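Everything below belongs to target_39.txt, which stores compact mmCIF, N, CA and C atoms.
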```
# COMPACT_ATOMS: atom_id res chain seq x y z
N MET A 38 6.48 -28.06 4.53
CA MET A 38 5.04 -28.18 4.36
C MET A 38 4.37 -26.99 5.04
N SER A 39 3.37 -26.43 4.38
CA SER A 39 2.61 -25.34 4.97
C SER A 39 1.15 -25.75 5.10
N ILE A 40 0.52 -25.32 6.18
CA ILE A 40 -0.90 -25.58 6.41
C ILE A 40 -1.60 -24.23 6.35
N GLU A 41 -2.65 -24.17 5.54
CA GLU A 41 -3.34 -22.89 5.34
C GLU A 41 -4.85 -23.06 5.34
N VAL A 42 -5.55 -21.98 5.68
CA VAL A 42 -7.01 -21.96 5.56
C VAL A 42 -7.33 -22.15 4.08
N ASP A 43 -8.35 -22.95 3.79
CA ASP A 43 -8.68 -23.22 2.40
C ASP A 43 -10.09 -22.78 2.08
N ASP A 44 -10.27 -22.21 0.89
CA ASP A 44 -11.60 -21.78 0.45
C ASP A 44 -12.28 -22.82 -0.44
N LEU A 45 -11.66 -23.97 -0.60
CA LEU A 45 -12.22 -25.10 -1.35
C LEU A 45 -12.46 -24.77 -2.82
N SER A 46 -11.62 -23.93 -3.39
CA SER A 46 -11.80 -23.54 -4.79
C SER A 46 -10.85 -24.24 -5.75
N ARG A 47 -9.81 -24.89 -5.26
CA ARG A 47 -8.78 -25.45 -6.14
C ARG A 47 -9.12 -26.87 -6.60
N PRO A 48 -8.83 -27.17 -7.85
CA PRO A 48 -9.12 -28.50 -8.39
C PRO A 48 -8.45 -29.64 -7.61
N ALA A 49 -7.26 -29.44 -7.11
CA ALA A 49 -6.58 -30.50 -6.35
C ALA A 49 -7.36 -30.85 -5.08
N VAL A 50 -7.93 -29.86 -4.45
CA VAL A 50 -8.72 -30.08 -3.24
C VAL A 50 -10.01 -30.83 -3.61
N HIS A 51 -10.64 -30.42 -4.70
CA HIS A 51 -11.85 -31.12 -5.16
C HIS A 51 -11.53 -32.60 -5.42
N ALA A 52 -10.41 -32.86 -6.07
CA ALA A 52 -10.03 -34.24 -6.40
C ALA A 52 -9.80 -35.07 -5.14
N LEU A 53 -9.11 -34.50 -4.14
CA LEU A 53 -8.85 -35.24 -2.91
C LEU A 53 -10.15 -35.52 -2.16
N LEU A 54 -11.05 -34.56 -2.13
CA LEU A 54 -12.34 -34.77 -1.46
C LEU A 54 -13.17 -35.82 -2.20
N THR A 55 -13.13 -35.82 -3.52
CA THR A 55 -13.84 -36.83 -4.30
C THR A 55 -13.27 -38.22 -4.01
N GLU A 56 -11.94 -38.32 -3.98
CA GLU A 56 -11.28 -39.60 -3.65
C GLU A 56 -11.72 -40.07 -2.27
N HIS A 57 -11.77 -39.14 -1.32
CA HIS A 57 -12.18 -39.45 0.06
C HIS A 57 -13.60 -40.03 0.08
N LEU A 58 -14.52 -39.37 -0.59
CA LEU A 58 -15.91 -39.84 -0.61
C LEU A 58 -16.04 -41.19 -1.30
N VAL A 59 -15.33 -41.38 -2.40
CA VAL A 59 -15.36 -42.67 -3.10
C VAL A 59 -14.88 -43.78 -2.17
N ASP A 60 -13.78 -43.54 -1.46
CA ASP A 60 -13.26 -44.55 -0.53
C ASP A 60 -14.22 -44.82 0.62
N MET A 61 -14.87 -43.77 1.13
CA MET A 61 -15.81 -43.96 2.24
C MET A 61 -16.99 -44.83 1.80
N HIS A 62 -17.49 -44.58 0.60
CA HIS A 62 -18.61 -45.38 0.10
C HIS A 62 -18.18 -46.80 -0.29
N ALA A 63 -16.92 -46.99 -0.61
CA ALA A 63 -16.42 -48.32 -0.96
C ALA A 63 -16.15 -49.17 0.27
N THR A 64 -15.96 -48.54 1.42
CA THR A 64 -15.57 -49.29 2.62
C THR A 64 -16.65 -49.34 3.70
N SER A 65 -17.70 -48.54 3.57
CA SER A 65 -18.73 -48.47 4.61
C SER A 65 -20.12 -48.55 3.98
N PRO A 66 -21.08 -49.08 4.73
CA PRO A 66 -22.46 -49.05 4.23
C PRO A 66 -22.89 -47.58 4.04
N ALA A 67 -23.72 -47.33 3.06
CA ALA A 67 -24.12 -45.96 2.72
C ALA A 67 -24.65 -45.20 3.92
N GLU A 68 -25.45 -45.86 4.76
CA GLU A 68 -26.02 -45.17 5.93
C GLU A 68 -24.97 -44.84 7.00
N SER A 69 -23.77 -45.37 6.85
CA SER A 69 -22.70 -45.13 7.81
C SER A 69 -21.63 -44.19 7.27
N VAL A 70 -21.84 -43.62 6.10
CA VAL A 70 -20.88 -42.67 5.54
C VAL A 70 -21.29 -41.27 6.00
N HIS A 71 -20.43 -40.66 6.80
CA HIS A 71 -20.73 -39.34 7.36
C HIS A 71 -19.78 -38.27 6.83
N ALA A 72 -19.00 -38.61 5.83
CA ALA A 72 -18.07 -37.63 5.24
C ALA A 72 -18.87 -36.54 4.54
N LEU A 73 -18.38 -35.32 4.65
CA LEU A 73 -19.03 -34.19 4.00
C LEU A 73 -18.52 -34.02 2.58
N ASP A 74 -19.42 -33.69 1.68
CA ASP A 74 -19.01 -33.35 0.33
C ASP A 74 -18.61 -31.88 0.30
N LEU A 75 -18.27 -31.39 -0.88
CA LEU A 75 -17.80 -30.02 -1.03
C LEU A 75 -18.82 -29.01 -0.49
N SER A 76 -20.08 -29.18 -0.82
CA SER A 76 -21.09 -28.23 -0.34
C SER A 76 -21.23 -28.31 1.18
N GLY A 77 -21.12 -29.50 1.74
CA GLY A 77 -21.19 -29.65 3.20
C GLY A 77 -20.04 -28.95 3.90
N LEU A 78 -18.85 -29.03 3.31
CA LEU A 78 -17.68 -28.37 3.90
C LEU A 78 -17.75 -26.86 3.78
N ARG A 79 -18.60 -26.37 2.90
CA ARG A 79 -18.77 -24.92 2.76
C ARG A 79 -19.86 -24.39 3.69
N GLY A 80 -20.41 -25.26 4.52
CA GLY A 80 -21.51 -24.88 5.40
C GLY A 80 -21.08 -23.96 6.53
N PRO A 81 -22.05 -23.37 7.19
CA PRO A 81 -21.75 -22.46 8.30
C PRO A 81 -21.08 -23.22 9.45
N GLY A 82 -20.15 -22.56 10.10
CA GLY A 82 -19.48 -23.14 11.26
C GLY A 82 -18.39 -24.13 10.94
N ILE A 83 -18.02 -24.26 9.67
CA ILE A 83 -16.98 -25.23 9.30
C ILE A 83 -15.74 -24.47 8.83
N SER A 84 -14.60 -24.86 9.39
CA SER A 84 -13.30 -24.32 8.99
C SER A 84 -12.51 -25.43 8.33
N VAL A 85 -11.82 -25.10 7.23
CA VAL A 85 -11.07 -26.11 6.47
C VAL A 85 -9.63 -25.64 6.30
N TRP A 86 -8.69 -26.58 6.48
CA TRP A 86 -7.27 -26.32 6.24
C TRP A 86 -6.72 -27.38 5.30
N THR A 87 -5.77 -26.98 4.50
CA THR A 87 -5.07 -27.92 3.62
C THR A 87 -3.57 -27.80 3.87
N ALA A 88 -2.87 -28.90 3.64
CA ALA A 88 -1.42 -28.95 3.77
C ALA A 88 -0.82 -29.07 2.38
N TRP A 89 0.21 -28.26 2.12
CA TRP A 89 0.85 -28.21 0.80
C TRP A 89 2.36 -28.33 0.94
N GLN A 90 2.95 -29.02 -0.01
CA GLN A 90 4.40 -29.05 -0.18
C GLN A 90 4.63 -28.50 -1.57
N ALA A 91 5.11 -27.25 -1.63
CA ALA A 91 5.18 -26.52 -2.90
C ALA A 91 3.77 -26.47 -3.48
N ASP A 92 3.57 -27.01 -4.68
CA ASP A 92 2.24 -26.99 -5.30
C ASP A 92 1.48 -28.31 -5.13
N ALA A 93 2.02 -29.21 -4.33
CA ALA A 93 1.39 -30.52 -4.16
C ALA A 93 0.52 -30.54 -2.91
N LEU A 94 -0.75 -30.90 -3.08
CA LEU A 94 -1.67 -31.03 -1.95
C LEU A 94 -1.30 -32.30 -1.18
N MET A 95 -1.07 -32.13 0.12
CA MET A 95 -0.68 -33.25 0.97
C MET A 95 -1.84 -33.79 1.80
N GLY A 96 -2.80 -32.92 2.14
CA GLY A 96 -3.92 -33.38 2.95
C GLY A 96 -4.89 -32.27 3.28
N ILE A 97 -5.96 -32.67 3.96
CA ILE A 97 -7.04 -31.75 4.33
C ILE A 97 -7.60 -32.16 5.68
N VAL A 98 -8.10 -31.17 6.41
CA VAL A 98 -8.82 -31.41 7.67
C VAL A 98 -9.81 -30.27 7.86
N ALA A 99 -10.90 -30.57 8.55
CA ALA A 99 -11.92 -29.55 8.82
C ALA A 99 -12.40 -29.68 10.25
N LEU A 100 -12.88 -28.56 10.78
CA LEU A 100 -13.53 -28.53 12.09
C LEU A 100 -14.94 -28.02 11.91
N ASN A 101 -15.88 -28.71 12.52
CA ASN A 101 -17.28 -28.30 12.50
C ASN A 101 -17.65 -27.86 13.92
N ASN A 102 -18.16 -26.65 14.05
CA ASN A 102 -18.62 -26.16 15.36
C ASN A 102 -19.95 -26.82 15.69
N LEU A 103 -19.95 -27.67 16.71
CA LEU A 103 -21.19 -28.32 17.14
C LEU A 103 -21.93 -27.47 18.16
N SER A 104 -21.18 -26.80 19.02
CA SER A 104 -21.73 -25.94 20.06
C SER A 104 -20.61 -24.99 20.48
N PRO A 105 -20.89 -24.04 21.35
CA PRO A 105 -19.83 -23.11 21.76
C PRO A 105 -18.61 -23.79 22.40
N ASP A 106 -18.79 -25.00 22.94
CA ASP A 106 -17.65 -25.66 23.60
C ASP A 106 -17.26 -27.00 22.98
N HIS A 107 -17.89 -27.38 21.86
CA HIS A 107 -17.65 -28.70 21.28
C HIS A 107 -17.48 -28.60 19.76
N ALA A 108 -16.35 -29.11 19.26
CA ALA A 108 -16.08 -29.14 17.82
C ALA A 108 -15.95 -30.58 17.35
N GLU A 109 -16.22 -30.78 16.07
CA GLU A 109 -16.07 -32.10 15.46
C GLU A 109 -15.02 -32.05 14.37
N LEU A 110 -14.10 -33.00 14.39
CA LEU A 110 -13.11 -33.15 13.34
C LEU A 110 -13.77 -33.81 12.14
N LYS A 111 -13.62 -33.23 10.95
CA LYS A 111 -14.24 -33.75 9.73
C LYS A 111 -13.20 -33.83 8.62
N SER A 112 -13.46 -34.68 7.65
CA SER A 112 -12.73 -34.73 6.38
C SER A 112 -11.22 -34.82 6.53
N MET A 113 -10.76 -35.59 7.50
CA MET A 113 -9.33 -35.81 7.68
C MET A 113 -8.86 -36.77 6.59
N ARG A 114 -7.99 -36.28 5.71
CA ARG A 114 -7.54 -37.11 4.58
C ARG A 114 -6.15 -36.66 4.15
N THR A 115 -5.27 -37.61 3.89
CA THR A 115 -3.98 -37.29 3.29
C THR A 115 -3.94 -37.90 1.89
N SER A 116 -3.18 -37.26 1.03
CA SER A 116 -3.01 -37.80 -0.32
C SER A 116 -2.19 -39.08 -0.25
N ALA A 117 -2.33 -39.93 -1.25
CA ALA A 117 -1.59 -41.20 -1.27
C ALA A 117 -0.09 -40.96 -1.18
N SER A 118 0.41 -39.94 -1.83
CA SER A 118 1.86 -39.67 -1.83
C SER A 118 2.35 -39.14 -0.49
N ALA A 119 1.44 -38.67 0.36
CA ALA A 119 1.83 -38.09 1.64
C ALA A 119 1.75 -39.07 2.80
N ARG A 120 1.19 -40.22 2.59
CA ARG A 120 0.98 -41.16 3.69
C ARG A 120 2.31 -41.65 4.25
N GLY A 121 2.35 -41.76 5.57
CA GLY A 121 3.56 -42.21 6.25
C GLY A 121 4.61 -41.13 6.41
N ARG A 122 4.26 -39.88 6.13
CA ARG A 122 5.23 -38.78 6.20
C ARG A 122 4.90 -37.76 7.30
N GLY A 123 3.96 -38.09 8.18
CA GLY A 123 3.62 -37.20 9.29
C GLY A 123 2.61 -36.11 8.96
N VAL A 124 2.07 -36.15 7.75
CA VAL A 124 1.12 -35.11 7.34
C VAL A 124 -0.15 -35.18 8.18
N ALA A 125 -0.68 -36.38 8.38
CA ALA A 125 -1.91 -36.52 9.17
C ALA A 125 -1.72 -36.01 10.59
N SER A 126 -0.58 -36.34 11.21
CA SER A 126 -0.31 -35.83 12.56
C SER A 126 -0.23 -34.31 12.57
N SER A 127 0.42 -33.74 11.58
CA SER A 127 0.53 -32.28 11.51
C SER A 127 -0.84 -31.62 11.34
N LEU A 128 -1.67 -32.17 10.47
CA LEU A 128 -3.01 -31.62 10.28
C LEU A 128 -3.85 -31.77 11.54
N LEU A 129 -3.77 -32.92 12.19
CA LEU A 129 -4.52 -33.15 13.41
C LEU A 129 -4.08 -32.18 14.50
N GLU A 130 -2.77 -32.02 14.68
CA GLU A 130 -2.26 -31.08 15.68
C GLU A 130 -2.70 -29.66 15.37
N HIS A 131 -2.72 -29.29 14.09
CA HIS A 131 -3.16 -27.96 13.69
C HIS A 131 -4.63 -27.75 14.06
N ALA A 132 -5.48 -28.70 13.73
CA ALA A 132 -6.91 -28.58 14.03
C ALA A 132 -7.16 -28.54 15.53
N VAL A 133 -6.48 -29.40 16.29
CA VAL A 133 -6.64 -29.41 17.75
C VAL A 133 -6.16 -28.08 18.33
N GLY A 134 -5.03 -27.58 17.86
CA GLY A 134 -4.52 -26.29 18.34
C GLY A 134 -5.49 -25.17 18.04
N ASN A 135 -6.09 -25.19 16.86
CA ASN A 135 -7.07 -24.17 16.51
C ASN A 135 -8.30 -24.26 17.41
N ALA A 136 -8.74 -25.48 17.67
CA ALA A 136 -9.90 -25.67 18.56
C ALA A 136 -9.61 -25.12 19.96
N ARG A 137 -8.40 -25.37 20.45
CA ARG A 137 -8.01 -24.82 21.76
C ARG A 137 -8.03 -23.29 21.75
N GLN A 138 -7.43 -22.71 20.71
CA GLN A 138 -7.39 -21.24 20.60
C GLN A 138 -8.78 -20.65 20.57
N ARG A 139 -9.71 -21.34 19.98
CA ARG A 139 -11.08 -20.83 19.86
C ARG A 139 -11.92 -21.11 21.10
N GLY A 140 -11.34 -21.76 22.09
CA GLY A 140 -12.02 -21.96 23.37
C GLY A 140 -12.91 -23.18 23.46
N PHE A 141 -12.78 -24.11 22.52
CA PHE A 141 -13.56 -25.34 22.63
C PHE A 141 -13.04 -26.16 23.80
N ALA A 142 -13.92 -26.83 24.52
CA ALA A 142 -13.53 -27.68 25.64
C ALA A 142 -13.30 -29.12 25.19
N ARG A 143 -13.88 -29.47 24.02
CA ARG A 143 -13.80 -30.85 23.56
C ARG A 143 -13.84 -30.88 22.05
N ILE A 144 -13.13 -31.84 21.48
CA ILE A 144 -13.18 -32.11 20.04
C ILE A 144 -13.46 -33.60 19.88
N SER A 145 -14.42 -33.93 19.04
CA SER A 145 -14.83 -35.32 18.83
C SER A 145 -14.76 -35.67 17.36
N LEU A 146 -14.86 -36.95 17.07
CA LEU A 146 -14.84 -37.40 15.68
C LEU A 146 -15.52 -38.74 15.57
N GLU A 147 -15.94 -39.04 14.34
CA GLU A 147 -16.49 -40.34 13.98
C GLU A 147 -15.59 -40.91 12.90
N THR A 148 -15.26 -42.18 13.01
CA THR A 148 -14.51 -42.88 11.97
C THR A 148 -15.05 -44.29 11.86
N GLY A 149 -14.59 -45.01 10.87
CA GLY A 149 -15.11 -46.35 10.64
C GLY A 149 -14.50 -47.40 11.55
N THR A 150 -15.20 -48.52 11.66
CA THR A 150 -14.71 -49.65 12.46
C THR A 150 -14.01 -50.70 11.60
N GLN A 151 -14.12 -50.58 10.28
CA GLN A 151 -13.52 -51.55 9.39
C GLN A 151 -11.99 -51.46 9.44
N ASP A 152 -11.33 -52.53 8.99
CA ASP A 152 -9.86 -52.57 8.98
C ASP A 152 -9.27 -51.38 8.21
N TYR A 153 -9.96 -50.92 7.18
CA TYR A 153 -9.49 -49.77 6.38
C TYR A 153 -9.18 -48.56 7.26
N PHE A 154 -9.90 -48.41 8.37
CA PHE A 154 -9.77 -47.23 9.24
C PHE A 154 -8.84 -47.48 10.44
N ALA A 155 -8.19 -48.63 10.51
CA ALA A 155 -7.35 -48.96 11.66
C ALA A 155 -6.23 -47.93 11.87
N ALA A 156 -5.57 -47.52 10.80
CA ALA A 156 -4.49 -46.53 10.94
C ALA A 156 -5.03 -45.21 11.47
N ALA A 157 -6.20 -44.81 11.03
CA ALA A 157 -6.80 -43.56 11.53
C ALA A 157 -7.11 -43.68 13.01
N ARG A 158 -7.68 -44.79 13.43
CA ARG A 158 -8.00 -44.97 14.85
C ARG A 158 -6.73 -44.93 15.69
N ARG A 159 -5.65 -45.56 15.21
CA ARG A 159 -4.37 -45.52 15.94
C ARG A 159 -3.84 -44.09 16.02
N LEU A 160 -3.94 -43.34 14.94
CA LEU A 160 -3.50 -41.95 14.92
C LEU A 160 -4.22 -41.14 16.00
N TYR A 161 -5.54 -41.25 16.03
CA TYR A 161 -6.31 -40.48 16.99
C TYR A 161 -5.96 -40.87 18.43
N MET A 162 -5.80 -42.15 18.69
CA MET A 162 -5.44 -42.60 20.04
C MET A 162 -4.04 -42.13 20.43
N ARG A 163 -3.10 -42.13 19.48
CA ARG A 163 -1.75 -41.62 19.77
C ARG A 163 -1.79 -40.15 20.18
N HIS A 164 -2.78 -39.43 19.69
CA HIS A 164 -2.90 -38.01 19.99
C HIS A 164 -3.84 -37.73 21.16
N GLY A 165 -4.17 -38.76 21.93
CA GLY A 165 -4.92 -38.57 23.16
C GLY A 165 -6.43 -38.72 23.06
N PHE A 166 -6.96 -39.01 21.88
CA PHE A 166 -8.39 -39.23 21.75
C PHE A 166 -8.75 -40.56 22.39
N VAL A 167 -9.91 -40.61 23.03
CA VAL A 167 -10.40 -41.83 23.66
C VAL A 167 -11.78 -42.14 23.10
N GLU A 168 -12.11 -43.43 23.08
CA GLU A 168 -13.43 -43.80 22.58
C GLU A 168 -14.50 -43.18 23.46
N CYS A 169 -15.62 -42.84 22.82
CA CYS A 169 -16.73 -42.21 23.52
C CYS A 169 -18.03 -42.67 22.88
N PRO A 170 -19.16 -42.37 23.52
CA PRO A 170 -20.44 -42.69 22.90
C PRO A 170 -20.71 -41.76 21.72
N PRO A 171 -21.71 -42.07 20.91
CA PRO A 171 -22.07 -41.16 19.83
C PRO A 171 -22.36 -39.75 20.38
N PHE A 172 -22.06 -38.75 19.60
CA PHE A 172 -22.25 -37.36 20.00
C PHE A 172 -23.04 -36.65 18.91
N GLY A 173 -23.48 -35.45 19.18
CA GLY A 173 -24.22 -34.68 18.19
C GLY A 173 -25.42 -35.46 17.69
N ASP A 174 -25.57 -35.58 16.38
CA ASP A 174 -26.69 -36.29 15.77
C ASP A 174 -26.39 -37.75 15.46
N TYR A 175 -25.21 -38.23 15.84
CA TYR A 175 -24.85 -39.62 15.56
C TYR A 175 -25.64 -40.57 16.46
N VAL A 176 -25.78 -41.80 15.99
CA VAL A 176 -26.42 -42.86 16.77
C VAL A 176 -25.48 -44.06 16.79
N VAL A 177 -25.73 -44.99 17.69
CA VAL A 177 -24.94 -46.21 17.74
C VAL A 177 -25.01 -46.90 16.38
N ASP A 178 -23.86 -47.29 15.86
CA ASP A 178 -23.75 -47.88 14.53
C ASP A 178 -22.56 -48.82 14.55
N PRO A 179 -22.74 -50.09 14.21
CA PRO A 179 -21.61 -51.03 14.24
C PRO A 179 -20.49 -50.67 13.27
N SER A 180 -20.76 -49.79 12.31
CA SER A 180 -19.73 -49.36 11.37
C SER A 180 -19.05 -48.06 11.77
N SER A 181 -19.42 -47.52 12.91
CA SER A 181 -18.84 -46.25 13.37
C SER A 181 -18.18 -46.39 14.73
N ALA A 182 -17.03 -45.75 14.87
CA ALA A 182 -16.34 -45.61 16.15
C ALA A 182 -16.27 -44.11 16.45
N PHE A 183 -16.44 -43.77 17.70
CA PHE A 183 -16.48 -42.36 18.12
C PHE A 183 -15.35 -42.10 19.10
N PHE A 184 -14.68 -40.97 18.94
CA PHE A 184 -13.56 -40.60 19.79
C PHE A 184 -13.70 -39.14 20.21
N SER A 185 -13.13 -38.82 21.36
CA SER A 185 -13.20 -37.46 21.86
C SER A 185 -11.91 -37.12 22.60
N LEU A 186 -11.57 -35.84 22.57
CA LEU A 186 -10.39 -35.33 23.27
C LEU A 186 -10.82 -34.11 24.07
N THR A 187 -10.55 -34.14 25.37
CA THR A 187 -10.80 -32.98 26.22
C THR A 187 -9.65 -32.02 26.03
N LEU A 188 -9.96 -30.77 25.75
CA LEU A 188 -8.93 -29.77 25.47
C LEU A 188 -8.56 -28.99 26.72
```
Serialized structure, structure tokens:
Amino acid sequence: MSIEVDDLSRPAVHALLTEHLVDMHATSPAESVHALDLSGLRGPGISVWTAWQADALMGIVALNNLSPDHAELKSMRTSASARGRGVASSLLEHAVGNARQRGFARISLETGTQDYFAAARRLYMRHGFVECPPFGDYVVDPSSAFFSLTL
């Protein structure tokens, strides 16, 4: 598997992001969906990586620069065929490593509180993330859980 910087131009990436947004809207109230669409991921201060096995897209992750010392993990998603194969851990480790190299002191994320997001919450906790209060522009929301990792 290779992880590479992505310019968000490939149809497979568009399809995975569309699937991600559909699932977020199916599992969370609209006001609690904070996933970025394609145009949002192309915004300033956002870096995107994708994982590939040959020509098959395995997953995606993005980092959003919140401040000179704080980054936010965004759009963490693995394809259905990649689940349970360590792709999410590899993408998470890649994003955290990149954040460290860039001098961020902290990386935070928002995810859902519903059962659908239980595996994601376990993944983040296994990698040292701890629950935290809302950060950036987020507010307290019963459908959102917030996590942070000191780098």
Practice task
May I have the protein, DNA and RNA residues with an atom at most 6 Å from (-11.9, -37.6, 22.0), counting only N, CA and C atoms in the file's coordinates, returned as a list in words?
Solution key: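 These residues have at least one counted atom within 6 Å: Ile144, Ser145, Leu146, Gly165, Phe166, Val167, Glu168, Phe184, Ser185, Leu186 and Thr187 of chain A.
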Would you save the residues from that selection as a compact mmCIF listing (two decimals), in the frame of the given file, using N, CA and C atoms?
```
# COMPACT_ATOMS: atom_id res chain seq x y z
N ILE A 144 -13.13 -31.84 21.48
CA ILE A 144 -13.18 -32.11 20.04
C ILE A 144 -13.46 -33.60 19.88
N SER A 145 -14.42 -33.93 19.04
CA SER A 145 -14.83 -35.32 18.83
C SER A 145 -14.76 -35.67 17.36
N LEU A 146 -14.86 -36.95 17.07
CA LEU A 146 -14.84 -37.40 15.68
C LEU A 146 -15.52 -38.74 15.57
N GLY A 165 -4.17 -38.76 21.93
CA GLY A 165 -4.92 -38.57 23.16
C GLY A 165 -6.43 -38.72 23.06
N PHE A 166 -6.96 -39.01 21.88
CA PHE A 166 -8.39 -39.23 21.75
C PHE A 166 -8.75 -40.56 22.39
N VAL A 167 -9.91 -40.61 23.03
CA VAL A 167 -10.40 -41.83 23.66
C VAL A 167 -11.78 -42.14 23.10
N GLU A 168 -12.11 -43.43 23.08
CA GLU A 168 -13.43 -43.80 22.58
C GLU A 168 -14.50 -43.18 23.46
N PHE A 184 -14.68 -40.97 18.94
CA PHE A 184 -13.56 -40.60 19.79
C PHE A 184 -13.70 -39.14 20.21
N SER A 185 -13.13 -38.82 21.36
CA SER A 185 -13.20 -37.46 21.86
C SER A 185 -11.91 -37.12 22.60
N LEU A 186 -11.57 -35.84 22.57
CA LEU A 186 -10.39 -35.33 23.27
C LEU A 186 -10.82 -34.11 24.07
N THR A 187 -10.55 -34.14 25.37
CA THR A 187 -10.80 -32.98 26.22
C THR A 187 -9.65 -32.02 26.03
```
Problem - Top pick for closest residue to Thr55 (chain A), considering A:Phe141, A:Asp74, A:Arg120, A:Ile40 and counting all atoms listed in the file - result: A:Asp74
Exercise for the section: Could you pull out the residues in region 88-186 of chain A that DSSP calls helix (DSSP H, G or I) from the backbone, as a PyMOL selection string? Expected result: chain A and resi 117-119+124-138+152-163
Practice task
Could you give me, as a PyMOL selection string, the residues within 7 Å of Glu147 (chain A), counting only C-alpha atoms and dropping anything in the same chain fewer than 3 positions from it?
Solution key: chain A and resi 181-184
Problem - d(CA of Pro105 (chain A), atom C of Ser39 (chain A)) in Å - result: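 Straight-line distance from CA of Pro105 (chain A) to atom C of Ser39 (chain A) works out to 26.9 Å.
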Practice task
Please check which residues have atoms at most 8 Å from (-20.6, -51.5, 13.8) in the file's coordinates, counting all atoms listed in the file, and write them as a list in words.
Solution key: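 Residues found, by chain and rising number: Gly149, Thr150, Gln151, Val177, Asp178, Pro179, Ser180, Ser181 and Ala182 of chain A.
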Suppose we keep N, CA and C atoms; can you now write the selection as a PDB file, keeping the file's coordinate frame?
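See out.pdb below for the written result:
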```pdb
ATOM      1  N   GLY A 149     -14.590 -45.010  10.870  1.00  0.00           N
ATOM      2  CA  GLY A 149     -15.110 -46.350  10.640  1.00  0.00           C
ATOM      3  C   GLY A 149     -14.500 -47.400  11.550  1.00  0.00           C
ATOM      4  N   THR A 150     -15.200 -48.520  11.660  1.00  0.00           N
ATOM      5  CA  THR A 150     -14.710 -49.650  12.460  1.00  0.00           C
ATOM      6  C   THR A 150     -14.010 -50.700  11.600  1.00  0.00           C
ATOM      7  N   GLN A 151     -14.120 -50.580  10.280  1.00  0.00           N
ATOM      8  CA  GLN A 151     -13.520 -51.550   9.390  1.00  0.00           C
ATOM      9  C   GLN A 151     -11.990 -51.460   9.440  1.00  0.00           C
ATOM     10  N   VAL A 177     -25.730 -44.990  17.690  1.00  0.00           N
ATOM     11  CA  VAL A 177     -24.940 -46.210  17.740  1.00  0.00           C
ATOM     12  C   VAL A 177     -25.010 -46.900  16.380  1.00  0.00           C
ATOM     13  N   ASP A 178     -23.860 -47.290  15.860  1.00  0.00           N
ATOM     14  CA  ASP A 178     -23.750 -47.880  14.530  1.00  0.00           C
ATOM     15  C   ASP A 178     -22.560 -48.820  14.550  1.00  0.00           C
ATOM     16  N   PRO A 179     -22.740 -50.090  14.210  1.00  0.00           N
ATOM     17  CA  PRO A 179     -21.610 -51.030  14.240  1.00  0.00           C
ATOM     18  C   PRO A 179     -20.490 -50.670  13.270  1.00  0.00           C
ATOM     19  N   SER A 180     -20.760 -49.790  12.310  1.00  0.00           N
ATOM     20  CA  SER A 180     -19.730 -49.360  11.370  1.00  0.00           C
ATOM     21  C   SER A 180     -19.050 -48.060  11.770  1.00  0.00           C
ATOM     22  N   SER A 181     -19.420 -47.520  12.910  1.00  0.00           N
ATOM     23  CA  SER A 181     -18.840 -46.250  13.370  1.00  0.00           C
ATOM     24  C   SER A 181     -18.180 -46.390  14.730  1.00  0.00           C
ATOM     25  N   ALA A 182     -17.030 -45.750  14.870  1.00  0.00           N
ATOM     26  CA  ALA A 182     -16.340 -45.610  16.150  1.00  0.00           C
ATOM     27  C   ALA A 182     -16.270 -44.110  16.450  1.00  0.00           C
TER      28      ALA A 182
END
```
Problem - Atom pair CA of Arg79 (chain A) / CA of Leu160 (chain A): separation (Å) - result: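 Computed distance, CA of Arg79 (chain A) to CA of Leu160 (chain A), equals 25.9 Å.
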Practice task
Based on DSSP run over this structure's backbone, return all residues of region 45-170 of chain A in strand (DSSP E), as a ChimeraX atom specification.
Solution key: /A:83-90,93-104,107-115,143-149,167-168
Problem - Point-to-point distance in Å for atom C of Phe172 (chain A) and atom N of Val42 (chain A) - result: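 Those two atoms sit 26.4 Å apart.
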